[in-house]
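**Student:** Below is query.cif; it holds mmCIF, C-alpha atoms.
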data_run
#
loop_
_atom_site.label_atom_id
_atom_site.label_comp_id
_atom_site.auth_asym_id
_atom_site.auth_seq_id
_atom_site.Cartn_x
_atom_site.Cartn_y
_atom_site.Cartn_z
CA MET A 13 -32.09 -65.71 256.48
CA LYS A 14 -29.08 -63.45 255.78
CA GLU A 15 -28.23 -65.45 252.68
CA ILE A 16 -31.73 -64.95 251.27
CA ARG A 17 -31.53 -61.19 251.87
CA ALA A 18 -28.11 -61.07 250.22
CA VAL A 19 -29.40 -63.00 247.19
CA ILE A 20 -32.48 -60.77 246.89
CA LEU A 21 -30.37 -57.59 247.27
CA GLY A 22 -27.95 -58.91 244.65
CA LEU A 23 -30.81 -59.61 242.25
CA VAL A 24 -32.27 -56.13 242.80
CA VAL A 25 -28.88 -54.51 242.09
CA LEU A 26 -28.49 -56.69 238.99
CA VAL A 27 -31.95 -55.68 237.71
CA ILE A 28 -31.21 -51.98 238.30
CA VAL A 29 -27.87 -52.25 236.46
CA ALA A 30 -29.55 -54.13 233.58
CA ALA A 31 -32.32 -51.51 233.36
CA ALA A 32 -29.78 -48.67 233.33
CA LEU A 33 -27.73 -50.41 230.64
CA ALA A 34 -30.85 -51.07 228.54
CA PHE A 35 -31.85 -47.41 228.89
CA TRP A 36 -28.39 -46.21 227.81
CA ARG A 37 -28.06 -48.62 224.87
CA ARG A 38 -31.56 -48.21 223.43
CA PRO A 39 -31.73 -46.78 219.92
CA ALA A 40 -31.71 -43.01 219.70
CA PRO A 41 -35.16 -41.71 218.67
CA GLU A 42 -33.55 -39.17 216.30
CA PHE A 43 -32.00 -41.93 214.18
CA ALA A 44 -34.52 -44.12 212.35
CA ARG A 45 -32.43 -44.85 209.23
CA VAL A 46 -28.86 -44.72 210.59
CA LYS A 47 -27.52 -47.39 212.96
CA GLY A 48 -24.12 -45.82 213.49
CA PHE A 49 -21.13 -44.21 211.86
CA ARG A 50 -18.14 -46.15 210.56
CA VAL A 51 -14.77 -44.41 210.52
CA ASP A 52 -12.20 -45.84 208.08
CA VAL A 53 -8.61 -44.60 208.03
CA LYS A 54 -6.39 -45.81 205.19
CA GLU A 55 -2.76 -44.98 204.53
CA THR A 56 -0.42 -46.31 201.88
CA GLU A 57 3.24 -46.23 202.81
CA HIS A 58 6.17 -47.90 201.02
CA GLY A 59 3.82 -50.07 198.95
CA SER A 60 1.80 -51.43 201.87
CA THR A 61 -1.65 -50.28 202.92
CA HIS A 62 -2.57 -49.81 206.58
CA ARG A 63 -6.23 -49.68 207.59
CA VAL A 64 -7.99 -48.86 210.84
CA SER A 65 -11.78 -49.02 211.15
CA PHE A 66 -14.14 -48.54 214.03
CA SER A 67 -17.84 -47.86 214.52
CA VAL A 68 -19.55 -45.26 216.64
CA PRO A 69 -23.15 -46.16 217.55
CA SER A 70 -25.80 -43.55 216.74
CA SER A 71 -27.08 -43.77 220.32
CA LEU A 72 -23.67 -42.58 221.58
CA VAL A 73 -23.64 -39.69 219.09
CA ALA A 74 -27.16 -38.68 220.18
CA ARG A 75 -26.34 -38.90 223.90
CA VAL A 76 -23.21 -36.76 223.53
CA ALA A 77 -25.08 -34.19 221.41
CA LYS A 78 -27.87 -33.97 223.99
CA MET A 79 -25.35 -33.42 226.80
CA ALA A 80 -23.87 -30.42 225.00
CA PRO A 81 -24.79 -27.16 226.75
CA ILE A 82 -25.94 -25.60 223.45
CA ARG A 83 -29.62 -24.99 222.85
CA SER A 84 -29.37 -23.86 219.24
CA PHE A 85 -26.89 -22.96 216.53
CA GLY A 86 -27.26 -19.90 214.39
CA ALA A 87 -25.55 -16.84 213.03
CA GLU A 88 -24.21 -15.93 216.49
CA LEU A 89 -21.22 -18.14 215.68
CA HIS A 90 -18.33 -15.83 215.01
CA GLY A 91 -16.44 -16.45 211.81
CA LYS A 92 -13.97 -14.36 209.89
CA TRP A 93 -16.25 -14.34 206.88
CA ASP A 94 -15.78 -10.62 206.38
CA GLU A 95 -11.98 -11.16 206.20
CA GLY A 96 -12.05 -13.13 202.98
CA GLU A 97 -13.17 -16.59 204.08
CA VAL A 98 -15.97 -18.34 202.22
CA SER A 99 -19.27 -17.57 203.92
CA PRO A 100 -22.25 -19.89 204.38
CA ARG A 101 -24.25 -17.49 202.18
CA GLU A 102 -21.79 -18.08 199.29
CA ILE A 103 -22.19 -21.84 199.74
CA LEU A 104 -25.99 -21.52 199.64
CA ASP A 105 -25.77 -19.29 196.53
CA ALA A 106 -23.52 -21.87 194.81
CA ALA A 107 -26.02 -24.60 195.70
CA ALA A 108 -28.81 -22.52 194.17
CA ALA A 109 -26.74 -22.11 190.99
CA SER A 110 -26.06 -25.85 190.72
CA ALA A 111 -27.94 -28.11 188.32
CA PRO A 112 -28.12 -31.92 188.19
CA GLY A 113 -24.63 -33.09 187.19
CA LYS A 114 -23.22 -29.54 187.25
CA PRO A 115 -22.10 -28.14 190.62
CA GLY A 116 -21.99 -24.49 191.59
CA VAL A 117 -18.33 -23.45 191.87
CA ILE A 118 -16.58 -21.06 194.27
CA ARG A 119 -12.90 -20.24 193.72
CA HIS A 120 -10.99 -18.78 196.63
CA ASP A 121 -7.24 -18.54 197.43
CA GLY A 122 -6.22 -21.55 195.29
CA HIS A 123 -9.11 -23.66 196.53
CA THR A 124 -12.04 -24.82 194.43
CA ILE A 125 -15.31 -25.46 196.22
CA GLU A 126 -17.99 -27.36 194.30
CA VAL A 127 -21.49 -27.38 195.78
CA MET A 128 -24.37 -29.59 194.63
CA ALA A 129 -27.88 -29.37 196.04
CA GLU A 130 -29.32 -32.87 196.53
CA GLY A 131 -32.77 -32.44 198.07
CA THR A 132 -32.35 -31.37 201.69
CA ALA A 133 -28.60 -32.14 201.61
CA LEU A 134 -25.64 -30.27 200.20
CA ASP A 135 -22.73 -32.15 198.66
CA ILE A 136 -19.63 -29.97 199.14
CA VAL A 137 -16.24 -30.84 197.60
CA VAL A 138 -13.21 -28.72 198.51
CA LYS A 139 -10.02 -29.17 196.46
CA ASP A 140 -6.70 -27.38 196.73
CA ASP A 141 -3.71 -27.12 194.41
CA TRP A 142 -1.69 -29.63 196.48
CA GLY A 143 -3.95 -32.64 195.99
CA LYS A 144 -6.04 -32.46 199.15
CA THR A 145 -9.74 -33.17 198.70
CA VAL A 146 -12.50 -32.93 201.31
CA ARG A 147 -16.01 -34.12 200.49
CA LEU A 148 -18.92 -33.39 202.84
CA ARG A 149 -22.59 -34.25 202.72
CA VAL A 150 -24.35 -31.93 205.14
CA PRO A 151 -27.98 -31.05 205.75
CA ARG A 152 -28.87 -27.74 204.12
CA ALA A 153 -30.45 -26.62 207.43
CA ILE A 154 -27.02 -26.53 209.12
CA VAL A 155 -25.54 -24.20 206.49
CA GLU A 156 -28.70 -22.05 206.64
CA SER A 157 -28.30 -21.72 210.41
CA PHE A 158 -24.71 -20.52 210.01
CA SER A 159 -25.79 -17.99 207.39
CA GLY A 160 -28.33 -16.43 209.74
CA ASP A 161 -31.43 -17.61 207.88
CA ARG A 162 -32.61 -19.72 210.82
CA GLU A 163 -31.56 -21.40 214.05
CA ILE A 164 -31.21 -25.13 214.55
CA THR A 165 -31.13 -27.28 217.71
CA PRO A 166 -28.77 -30.22 218.27
CA LYS A 167 -31.78 -32.57 218.14
CA GLU A 168 -32.82 -31.15 214.76
CA ILE A 169 -29.24 -31.56 213.46
CA LEU A 170 -29.37 -35.27 214.38
CA GLU A 171 -32.76 -35.65 212.69
CA ARG A 172 -31.49 -33.93 209.52
CA ILE A 173 -28.42 -36.20 209.41
CA ASP A 174 -30.75 -39.21 209.72
CA GLU A 175 -32.90 -37.87 206.85
CA MET A 176 -29.85 -37.97 204.58
CA GLY A 177 -29.75 -41.74 205.16
CA PRO A 178 -26.83 -44.13 204.86
CA GLY A 179 -23.75 -43.30 202.81
CA ASP A 180 -20.48 -41.39 203.03
CA VAL A 181 -20.81 -38.26 205.16
CA VAL A 182 -17.19 -37.06 205.15
CA THR A 183 -14.24 -38.11 202.99
CA VAL A 184 -10.81 -36.51 203.36
CA ARG A 185 -8.01 -37.41 200.90
CA ASP A 186 -4.46 -36.18 201.17
CA GLY A 187 -2.16 -37.98 198.78
CA ASP A 188 -1.98 -41.61 199.97
CA LYS A 189 -4.01 -40.97 203.12
CA GLU A 190 -7.78 -41.19 203.30
CA VAL A 191 -10.32 -40.86 206.12
CA THR A 192 -13.97 -41.73 205.47
CA ILE A 193 -16.93 -41.43 207.82
CA THR A 194 -19.92 -43.43 206.60
CA ALA A 195 -23.45 -43.55 207.99
CA GLU A 196 -24.42 -47.22 208.29
CA PRO A 197 -28.00 -48.36 207.55
CA ARG A 198 -30.23 -49.89 210.20
#
Just give me the structure as structure tokens.
**Tutor:**
Amino acid sequence: MKEIRAVILGLVVLVIVAAALAFWRRPAPEFARVKGFRVDVKETEHGSTHRVSFSVPSSLVARVAKMAPIRSFGAELHGKWDEGEVSPREILDAAAASAPGKPGVIRHDGHTIEVMAEGTALDIVVKDDWGKTVRLRVPRAIVESFSGDREITPKEILERIDEMGPGDVVTVRDGDKEVTITAEPR
């Protein structure tokens, strides 16, 4: 009789663990187009190329974002925009001035910032005089929230990233080093 109870208790524990794991690993409802994010790090040194790649599932990104104790993002973020840094408003103005194939340009302290409006996304390329290049594709709603035009919740940020669909989200190049974060399709 004790063996039967032990087997039944073991099966119940196994079912509870399986249900918890299935709940944790289920697809995030905010991501319908993006399965995950692939991070590629590439470095060329002495003629040889070293690569490291790993994937981050979208469900993990969504769970971490939902655990954050932030209800919304907006202009309450404190930046030193009045001390000469590029403001979100300048980025939005450059996006408004862009045309297909011709980005809006901001020049600031030896940096060139090119901004292209692509639907609900902004393609931002930052270049400096030393050969560093950073390329970002961000939802326009995030930049608008930093400029004070509106507020945005973490859930809405995830939904806006999903709307952009698969493709490179961030690319950082510094000489022979490159880091790329790519949204992978479902």
**Student:** Taking all atoms listed in the file into account, which of A:Leu72, A:Ile193, A:Val150, A:Val127 comes nearest Pro115 in chain A?
**Tutor:**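 Smallest distance to Pro115 in chain A is found for A:Val127.
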**Student:** Need the shell around Asp180 in chain A: protein/DNA/RNA residues with any atom at most 9 Å away, counting all atoms listed in the file. Skip same-chain ones fewer than 2 positions apart. Format as an MDAnalysis selection string?
**Tutor:** chainID A and resid 147:149 178 182:183 192:196
**Student:** Quick one: everything within 12 Å of Ala109 in chain A, counting only C-alpha atoms, minus sequence neighbours fewer than 4 positions away in the same chain. Send it as number ranges by chain.
**Tutor:** A: 102-105, 113-118, 126-129
**Student:** Separation of CA of Pro197 in chain A and CA of Val46 in chain A, in Å?
**Tutor:**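 Computed distance, CA of Pro197 in chain A to CA of Val46 in chain A, equals 4.8 Å.
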**Student:** Could you state the separation of CA of Arg198 in chain A and CA of Val51 in chain A in Å, given to one decimal place?
**Tutor:**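 Interatomic distance here is 16.4 Å.
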**Student:** Measure the distance from CA of Val184 in chain A to CA of Glu55 in chain A in Å and round it to one decimal.
**Tutor:** 11.7 Å
**Student:** Go ahead and find all residues with at least one atom no further than 12 Å from (-39.0, -26.0, 204.5) in the file's coordinates, using all atoms listed in the file; report them as a ChimeraX atom specification.
**Tutor:** /A:131-132,152-153,156,161-162
**Student:** Tell me, as a list in words, which residues lie within 9 Å of Trp142 in chain A, counting only C-alpha atoms; anything in the same chain fewer than 2 positions away does not count.
**Tutor:**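 That gives Lys139, Asp140, Lys144, Asp186 and Gly187 of chain A.
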**Student:** Limited to C-alpha atoms, could you put the picked residues into a file as a short mmCIF file (atom, residue, chain, number, x, y, z; two decimals), in the coordinates of the input?
**Tutor:**
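Contents of part-v2.cif, as written:
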data_model
loop_
_atom_site.label_atom_id
_atom_site.label_comp_id
_atom_site.auth_asym_id
_atom_site.auth_seq_id
_atom_site.Cartn_x
_atom_site.Cartn_y
_atom_site.Cartn_z
CA LYS A 139 -10.02 -29.17 196.46
CA ASP A 140 -6.70 -27.38 196.73
CA LYS A 144 -6.04 -32.46 199.15
CA ASP A 186 -4.46 -36.18 201.17
CA GLY A 187 -2.16 -37.98 198.78
#
**Student:** Written as a list in words, which residues does the PyMOL selection byres ((chain A and resi 40) around 8) give for the file shown?
**Tutor:**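 Listing what the PyMOL selection byres ((chain A and resi 40) around 8) selects in the shown file: Arg38, Pro39, Pro41, Glu42, Phe43, Ala44, Ser70, Ser71, Ala74 and Arg75 of chain A.
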**Student:** Okay, now the selection with C-alpha atoms, as an mmCIF file, in the frame of the given file?
**Tutor:**
data_model
loop_
_atom_site.group_PDB
_atom_site.id
_atom_site.type_symbol
_atom_site.label_atom_id
_atom_site.label_comp_id
_atom_site.auth_asym_id
_atom_site.auth_seq_id
_atom_site.Cartn_x
_atom_site.Cartn_y
_atom_site.Cartn_z
ATOM 1 C CA ARG A 38 -31.560 -48.210 223.430
ATOM 2 C CA PRO A 39 -31.730 -46.780 219.920
ATOM 3 C CA PRO A 41 -35.160 -41.710 218.670
ATOM 4 C CA GLU A 42 -33.550 -39.170 216.300
ATOM 5 C CA PHE A 43 -32.000 -41.930 214.180
ATOM 6 C CA ALA A 44 -34.520 -44.120 212.350
ATOM 7 C CA SER A 70 -25.800 -43.550 216.740
ATOM 8 C CA SER A 71 -27.080 -43.770 220.320
ATOM 9 C CA ALA A 74 -27.160 -38.680 220.180
ATOM 10 C CA ARG A 75 -26.340 -38.900 223.900
#
**Student:** Using only C-alpha atoms, which of the listed residues (A:Val137, A:Met79, A:Ile169, A:Ala111) sits closest to His123 in chain A?
**Tutor:**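 The shortest atom-to-atom distance to His123 in chain A comes from A:Val137.
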**Student:** Which residue is closest to Met176 in chain A? Choose from A:Asp141, A:Glu130, A:Asp121, A:Glu190 and count all atoms listed in the file.
**Tutor:**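 For Met176 in chain A, the nearest of the given residues is A:Glu130.
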**Student:** Given only C-alpha atoms as the basis, pick out the residue of A:Glu163, A:Glu57, A:Glu97, A:Asp135 nearest to Val181 in chain A.
**Tutor:** A:Asp135
**Student:** Taking 3 positions as the minimum chain separation for residues in the same chain, which residues sit within 8 Å of Glu175 in chain A when counting only C-alpha atoms? Answer as a list in words.
**Tutor:** Arg45, Glu171 and Arg172 of chain A
**Student:** Emit the selected residues as a compact mmCIF listing (two decimals), in the frame of the given file, including C-alpha atoms.
**Tutor:**
# COMPACT_ATOMS: atom_id res chain seq x y z
CA ARG A 45 -32.43 -44.85 209.23
CA GLU A 171 -32.76 -35.65 212.69
CA ARG A 172 -31.49 -33.93 209.52
**Student:** A:Pro151, A:Thr145, A:Pro166, A:Gly177: which is nearest Phe49 in chain A, counting only C-alpha atoms?
**Tutor:**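 Closest to Phe49 in chain A of all the choices is A:Gly177.
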**Student:** Can you complete the atoms of range 51-62 of chain A to all heavy atoms and list them as a PDB file, in the frame of the given file?
**Tutor:**
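Just written: result22.pdb:
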ATOM      1  N   VAL A  51     -15.924 -45.240 210.838  1.00  0.00           N
ATOM      2  CA  VAL A  51     -14.770 -44.410 210.520  1.00  0.00           C
ATOM      3  C   VAL A  51     -13.683 -45.328 209.964  1.00  0.00           C
ATOM      4  O   VAL A  51     -13.269 -46.279 210.629  1.00  0.00           O
ATOM      5  CB  VAL A  51     -14.254 -43.658 211.770  1.00  0.00           C
ATOM      6  CG1 VAL A  51     -13.044 -42.815 211.424  1.00  0.00           C
ATOM      7  CG2 VAL A  51     -15.360 -42.811 212.381  1.00  0.00           C
ATOM      8  N   ASP A  52     -13.258 -45.068 208.727  1.00  0.00           N
ATOM      9  CA  ASP A  52     -12.200 -45.840 208.080  1.00  0.00           C
ATOM     10  C   ASP A  52     -11.015 -44.926 207.819  1.00  0.00           C
ATOM     11  O   ASP A  52     -11.175 -43.871 207.209  1.00  0.00           O
ATOM     12  CB  ASP A  52     -12.668 -46.414 206.734  1.00  0.00           C
ATOM     13  CG  ASP A  52     -13.746 -47.452 206.890  1.00  0.00           C
ATOM     14  OD1 ASP A  52     -13.600 -48.307 207.774  1.00  0.00           O
ATOM     15  OD2 ASP A  52     -14.730 -47.410 206.125  1.00  0.00           O
ATOM     16  N   VAL A  53      -9.845 -45.348 208.267  1.00  0.00           N
ATOM     17  CA  VAL A  53      -8.610 -44.600 208.030  1.00  0.00           C
ATOM     18  C   VAL A  53      -7.699 -45.506 207.220  1.00  0.00           C
ATOM     19  O   VAL A  53      -7.444 -46.650 207.621  1.00  0.00           O
ATOM     20  CB  VAL A  53      -7.933 -44.203 209.361  1.00  0.00           C
ATOM     21  CG1 VAL A  53      -6.657 -43.432 209.102  1.00  0.00           C
ATOM     22  CG2 VAL A  53      -8.887 -43.420 210.244  1.00  0.00           C
ATOM     23  N   LYS A  54      -7.237 -45.011 206.071  1.00  0.00           N
ATOM     24  CA  LYS A  54      -6.390 -45.810 205.190  1.00  0.00           C
ATOM     25  C   LYS A  54      -5.162 -44.999 204.813  1.00  0.00           C
ATOM     26  O   LYS A  54      -5.269 -43.823 204.468  1.00  0.00           O
ATOM     27  CB  LYS A  54      -7.177 -46.196 203.935  1.00  0.00           C
ATOM     28  CG  LYS A  54      -6.418 -47.073 202.971  1.00  0.00           C
ATOM     29  CD  LYS A  54      -7.293 -47.521 201.818  1.00  0.00           C
ATOM     30  CE  LYS A  54      -7.230 -46.505 200.724  1.00  0.00           C
ATOM     31  NZ  LYS A  54      -7.884 -46.916 199.487  1.00  0.00           N
ATOM     32  N   GLU A  55      -4.006 -45.643 204.893  1.00  0.00           N
ATOM     33  CA  GLU A  55      -2.760 -44.980 204.530  1.00  0.00           C
ATOM     34  C   GLU A  55      -1.886 -45.966 203.771  1.00  0.00           C
ATOM     35  O   GLU A  55      -1.714 -47.112 204.185  1.00  0.00           O
ATOM     36  CB  GLU A  55      -2.030 -44.491 205.780  1.00  0.00           C
ATOM     37  CG  GLU A  55      -0.731 -43.791 205.474  1.00  0.00           C
ATOM     38  CD  GLU A  55      -0.024 -43.283 206.712  1.00  0.00           C
ATOM     39  OE1 GLU A  55      -0.462 -43.596 207.836  1.00  0.00           O
ATOM     40  OE2 GLU A  55       0.978 -42.585 206.558  1.00  0.00           O
ATOM     41  N   THR A  56      -1.347 -45.506 202.650  1.00  0.00           N
ATOM     42  CA  THR A  56      -0.420 -46.310 201.880  1.00  0.00           C
ATOM     43  C   THR A  56       0.976 -45.757 202.093  1.00  0.00           C
ATOM     44  O   THR A  56       1.220 -44.572 201.882  1.00  0.00           O
ATOM     45  CB  THR A  56      -0.777 -46.277 200.379  1.00  0.00           C
ATOM     46  OG1 THR A  56      -2.124 -46.713 200.225  1.00  0.00           O
ATOM     47  CG2 THR A  56       0.136 -47.171 199.579  1.00  0.00           C
ATOM     48  N   GLU A  57       1.878 -46.659 202.534  1.00  0.00           N
ATOM     49  CA  GLU A  57       3.240 -46.230 202.810  1.00  0.00           C
ATOM     50  C   GLU A  57       4.199 -47.318 202.368  1.00  0.00           C
ATOM     51  O   GLU A  57       4.066 -48.477 202.778  1.00  0.00           O
ATOM     52  CB  GLU A  57       3.375 -45.963 204.321  1.00  0.00           C
ATOM     53  CG  GLU A  57       4.700 -45.397 204.708  1.00  0.00           C
ATOM     54  CD  GLU A  57       4.748 -45.064 206.192  1.00  0.00           C
ATOM     55  OE1 GLU A  57       3.926 -45.574 206.969  1.00  0.00           O
ATOM     56  OE2 GLU A  57       5.637 -44.299 206.563  1.00  0.00           O
ATOM     57  N   HIS A  58       5.158 -46.968 201.518  1.00  0.00           N
ATOM     58  CA  HIS A  58       6.170 -47.900 201.020  1.00  0.00           C
ATOM     59  C   HIS A  58       5.539 -49.142 200.387  1.00  0.00           C
ATOM     60  O   HIS A  58       5.987 -50.262 200.605  1.00  0.00           O
ATOM     61  CB  HIS A  58       7.135 -48.311 202.122  1.00  0.00           C
ATOM     62  CG  HIS A  58       7.811 -47.159 202.787  1.00  0.00           C
ATOM     63  ND1 HIS A  58       8.664 -46.305 202.110  1.00  0.00           N
ATOM     64  CD2 HIS A  58       7.744 -46.701 204.063  1.00  0.00           C
ATOM     65  CE1 HIS A  58       9.087 -45.377 202.951  1.00  0.00           C
ATOM     66  NE2 HIS A  58       8.551 -45.591 204.144  1.00  0.00           N
ATOM     67  N   GLY A  59       4.453 -48.963 199.650  1.00  0.00           N
ATOM     68  CA  GLY A  59       3.820 -50.070 198.950  1.00  0.00           C
ATOM     69  C   GLY A  59       2.863 -50.905 199.765  1.00  0.00           C
ATOM     70  O   GLY A  59       2.204 -51.790 199.228  1.00  0.00           O
ATOM     71  N   SER A  60       2.746 -50.666 201.047  1.00  0.00           N
ATOM     72  CA  SER A  60       1.800 -51.430 201.870  1.00  0.00           C
ATOM     73  C   SER A  60       0.702 -50.495 202.371  1.00  0.00           C
ATOM     74  O   SER A  60       0.935 -49.318 202.622  1.00  0.00           O
ATOM     75  CB  SER A  60       2.514 -52.099 203.048  1.00  0.00           C
ATOM     76  OG  SER A  60       3.042 -51.125 203.919  1.00  0.00           O
ATOM     77  N   THR A  61      -0.490 -51.054 202.492  1.00  0.00           N
ATOM     78  CA  THR A  61      -1.650 -50.280 202.920  1.00  0.00           C
ATOM     79  C   THR A  61      -1.995 -50.644 204.359  1.00  0.00           C
ATOM     80  O   THR A  61      -2.106 -51.820 204.704  1.00  0.00           O
ATOM     81  CB  THR A  61      -2.852 -50.564 202.003  1.00  0.00           C
ATOM     82  OG1 THR A  61      -2.493 -50.232 200.663  1.00  0.00           O
ATOM     83  CG2 THR A  61      -4.053 -49.756 202.413  1.00  0.00           C
ATOM     84  N   HIS A  62      -2.174 -49.633 205.185  1.00  0.00           N
ATOM     85  CA  HIS A  62      -2.570 -49.810 206.580  1.00  0.00           C
ATOM     86  C   HIS A  62      -3.993 -49.286 206.726  1.00  0.00           C
ATOM     87  O   HIS A  62      -4.301 -48.191 206.257  1.00  0.00           O
ATOM     88  CB  HIS A  62      -1.643 -49.046 207.524  1.00  0.00           C
ATOM     89  CG  HIS A  62      -0.195 -49.376 207.336  1.00  0.00           C
ATOM     90  ND1 HIS A  62       0.358 -50.539 207.809  1.00  0.00           N
ATOM     91  CD2 HIS A  62       0.797 -48.705 206.720  1.00  0.00           C
ATOM     92  CE1 HIS A  62       1.634 -50.570 207.505  1.00  0.00           C
ATOM     93  NE2 HIS A  62       1.939 -49.462 206.829  1.00  0.00           N
TER      94      HIS A  62
END
